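Notes to accompany the following structure.
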There are 2 protein chains.
Amino acid sequence: MEPALDVVGVGNAIVDVITTVPDSFIVDHDLVKGAMTLVSAERSAELYEAMPPGVAASGGSAANTMAGVASFGGRAAFIGKVRDDQLGEVFVHDIRATGVSFDVPPAPDGPPTARCLVQVTPDAERTMNTCLGTAALLGPADVDTDLVASAGITYCEGYLWDVQVAKDAIRVAMAAAASAGRTVALALSDSFCVERHRHEWLDLIEDRVDVVFANEAEVCALHCTDDFGAALHRTAEMARTVAITRGARGSVAVQGSELAMVPAAEIPEVVDATGAGDLYAAGFLWGLSRGAAVARCAELGSLAAAEVISHVGARPQVALSEFATASGPA
Amino acid sequence: MEPALDVVGVGNAIVDVITTVPDSFIVDHDLVKGAMTLVSAERSAELYEAMPPGVAASGGSAANTMAGVASFGGRAAFIGKVRDDQLGEVFVHDIRATGVSFDVPPAPDGPPTARCLVQVTPDAERTMNTCLGTAALLGPADVDTDLVASAGITYCEGYLWDVQVAKDAIRVAMAAAASAGRTVALALSDSFCVERHRHEWLDLIEDRVDVVFANEAEVCALHCTDDFGAALHRTAEMARTVAITRGARGSVAVQGSELAMVPAAEIPEVVDATGAGDLYAAGFLWGLSRGAAVARCAELGSLAAAEVISHVGARPQVALSEFATASGPA
């Protein structure tokens with residue numbers, strides 16, 4: 001059956017609180033620069049108190065990717081968990097206003113909606129400290145398997161793997177997608193996250209995953225190697241399609257015998273790297289859903305990533321469909 | 001006694017939810033372009049649902065002004081009311097992180113923290129719809145009269161006058177400032193707000209106010225005239241100092257026999273007019289607190305306003321103290 005949706009994303013529903021800090025802030029507060037670190041509610045409150053004034057904007061890795069797919073004109077849905085609080089309301093508003101279907105009911109009690117404190121340093125790198133709150137309670141019961149089966153691609157973020165019930169939710173979603181003959185995609189999310197889950201992920205990719213998204217550090221961590229070429233090669237033996245981002249050096253994508261090396265799209269200034277990988281995945285997935293060759297998928301990924309790093313915040317501020325049209329057919 | 005604080009601001013404690021919309025959005029939703037309109041919780045929810053994704057950032061007119069005074073290096077405090085909810089937490093964090101003292105305890109129950117839906121149109125004009133929530137419960141008991149007496153200037157926003165208890169809070173604050181021999185300043189806030197309270201405000205200015213801030217439309221509305229010169233003249237007969245902003249044409253300030261006409265500071269692009277008047281007042285008040293002549297006060301106001309309209313959001317994103325130093329002594 002023709003899919004009713006292009007992509008469904010499964011991930012943490014998070015509101016980002018973004019601020020600009022000097023490098024000394026990262027050092028003074030013992031933060032792991034460039035990484036996503038999970039923190040307790042107490043640590044989050046302590047860190048927030050130390051932070052300069054910020055802006056709050058919806059985030060979450062797979063949620064950002066779905067916002068990107070919708071911005072390209074794709075039909076996207078998101079599965080994640082918020083509470084019925086003010087930040088939850090912001091998250092739900094923003095994802096729906098972007099045109100993404102979102103129907104997981106907010107939790108009426110329990111911990112608050114997930115908040116990620118994002119520190120952007122002068123080099124445009126982002127350092128993230130996430131208090132998962134209710135997002136960590138996303139479980140198998142929240143996965144609408146009919147919705148998953150109706151989507152051409154099911155895209156899961158690796159960050160979810162840090163929580164047992166969310167891990168089960170991913171397994172349920174991937175199984176439903178596979179039974180319906182759909183494509184399963186996984187983002188490795190963060191090299192520390194890969195370190196935590198290497199063995200399970202190698203099995204998962206081998207058994208269930210058709211498309212792997214990662215950056216160089218993540219794919220190297222997956223195979224315990226410093227040899228990027230070897231890591232890419234081994235991953236490509238396990239999954240049909242592999243797309244690896246390399247920062248300013250662009251990206252490499254492999255699908256069977258096709259290998260595409262695509263430069264990063266040029267922009268005047270990198271302002272905030274938050275969401276670069278998420279939006280790369282959005283462009284790539286949108287291309288895949290249109291049956292584009294991997295080279296074109298990677299190019300669409302680069303376009304979307306370039307837009308999102310040119311401003312503060314992890315979601316596109318313009319209609320990516322216009323970018324895509326300007327650069328040729330999918 | 002030498003004041004311990006430069007300025008204390010009294011106003012609505014609000015979190016802004018800012019989004020960019022085409023002009024058709026303003027028309028389709030019957031909004032009053034460029035104005036601040038008070039809306040019910042129901043209307044606010046309805047409008048929010050129709051809005052594109054946004055970013056949330058602390059706002060509130062007098063609160064923005066205090067953030068500006070602190071950014072110049074001034075000693076500022078704020079009096080306003082939030083609830084103990086997530087948006088309240090954001091407001092409290094941001095104002096304190098800017099260096100402004102804020103000690104009004106959050107309400108443990110009742111309506112939520114005030115939210116202002118801000119629509120920015122392509123001409124950089126902002127249209128605001130505010131649901132006051134708990135901010136409307138600011139009352140005389142929330143005014144720390146010792147704090148007010150310790151500040152060289154007490155600055156009140158006219159917006160507060162829409163609510164009876166807040167009106168009483170302003171009267172208490174102004175009386176405490178006057179008893180301590182301090183300076184009392186009032187911002188007229190919005191021409192529709194002036195229309196609603198003209199007679200009371202004329203009396204208030206005559207009796208209590210030393211410094212009046214307004215834009216052209218507001219000062220004309222105050223005196224029911226289209227003649228800006230006449231409106232300025234009449235206001236200057238009632239208050240010692242009058243500062244009137246004129247958008248791209250700069251500002252006019254009068255103090256006794258001194259008249260200063262100061263051009264707007266030049267910036268490459270006006271992105272979002274939100275906070276222009278608030279930050280003008282910040283620069284002006286900071287100058288006054290340093291004993292500067294009105295021409296210099298107006299120049300400092302122009303500098304601060306230019307910074308805030310060059311980006312999205314109503315609070316400065318750089319240290320205004322550096323701007324001020326670069327342009328000469330206060």
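Ordering of the structure tokens sets the chain letters (A, B, ...); residue numbers start at 1 within each chain; ligands are numbered from 1 in the order shown.
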
| query | When the cut-off is 9 Å and we count only C-alpha atoms, which residues of chain B are near chain A, given as a VMD selection string? | reply | chain B and resid 48 to 58 85 to 87 90 93 to 98 313

| region 229-294 of chain B: which residues are strand (DSSP E or B) by DSSP, as a PyMOL selection string? | chain B and resi 241-245+251-255+258-262

| Quick one, how far is CA of Asn129 (chain B) from CA of Ser44 (chain B)? |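 We find that CA of Asn129 (chain B) and CA of Ser44 (chain B) lie 7.3 Å from each other.
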
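Between His29 (chain A) and the residues A:Ala214, A:Leu47, A:Cys224, A:Leu204, the shortest atom-to-atom distance, using only C-alpha atoms, involves A:Leu47.
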
| said: Let's see if you can do this: from backbone DSSP, list all helix (DSSP H, G or I) residues in region 155-318 of chain A, as a ChimeraX atom specification. | reply: /A:158-162,164-179,191-208,216-222,228-238,247-249,276-289,294-308

| field | Of the listed residues B:Ala41, B:Ile153, B:Val194, B:Met36, that which approaches Ala114 (chain B) most closely, counting only C-alpha atoms | value |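 The shortest atom-to-atom distance to Ala114 (chain B) comes from B:Ala41.
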
| said: Restricting the calculation to only C-alpha atoms: of A:Cys131, A:Ala264, A:Ala166, A:Ile244, which residue gets closest to Leu117 (chain A)? | reply: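 Among the listed residues, the smallest separation from Leu117 (chain A) belongs to A:Cys131.
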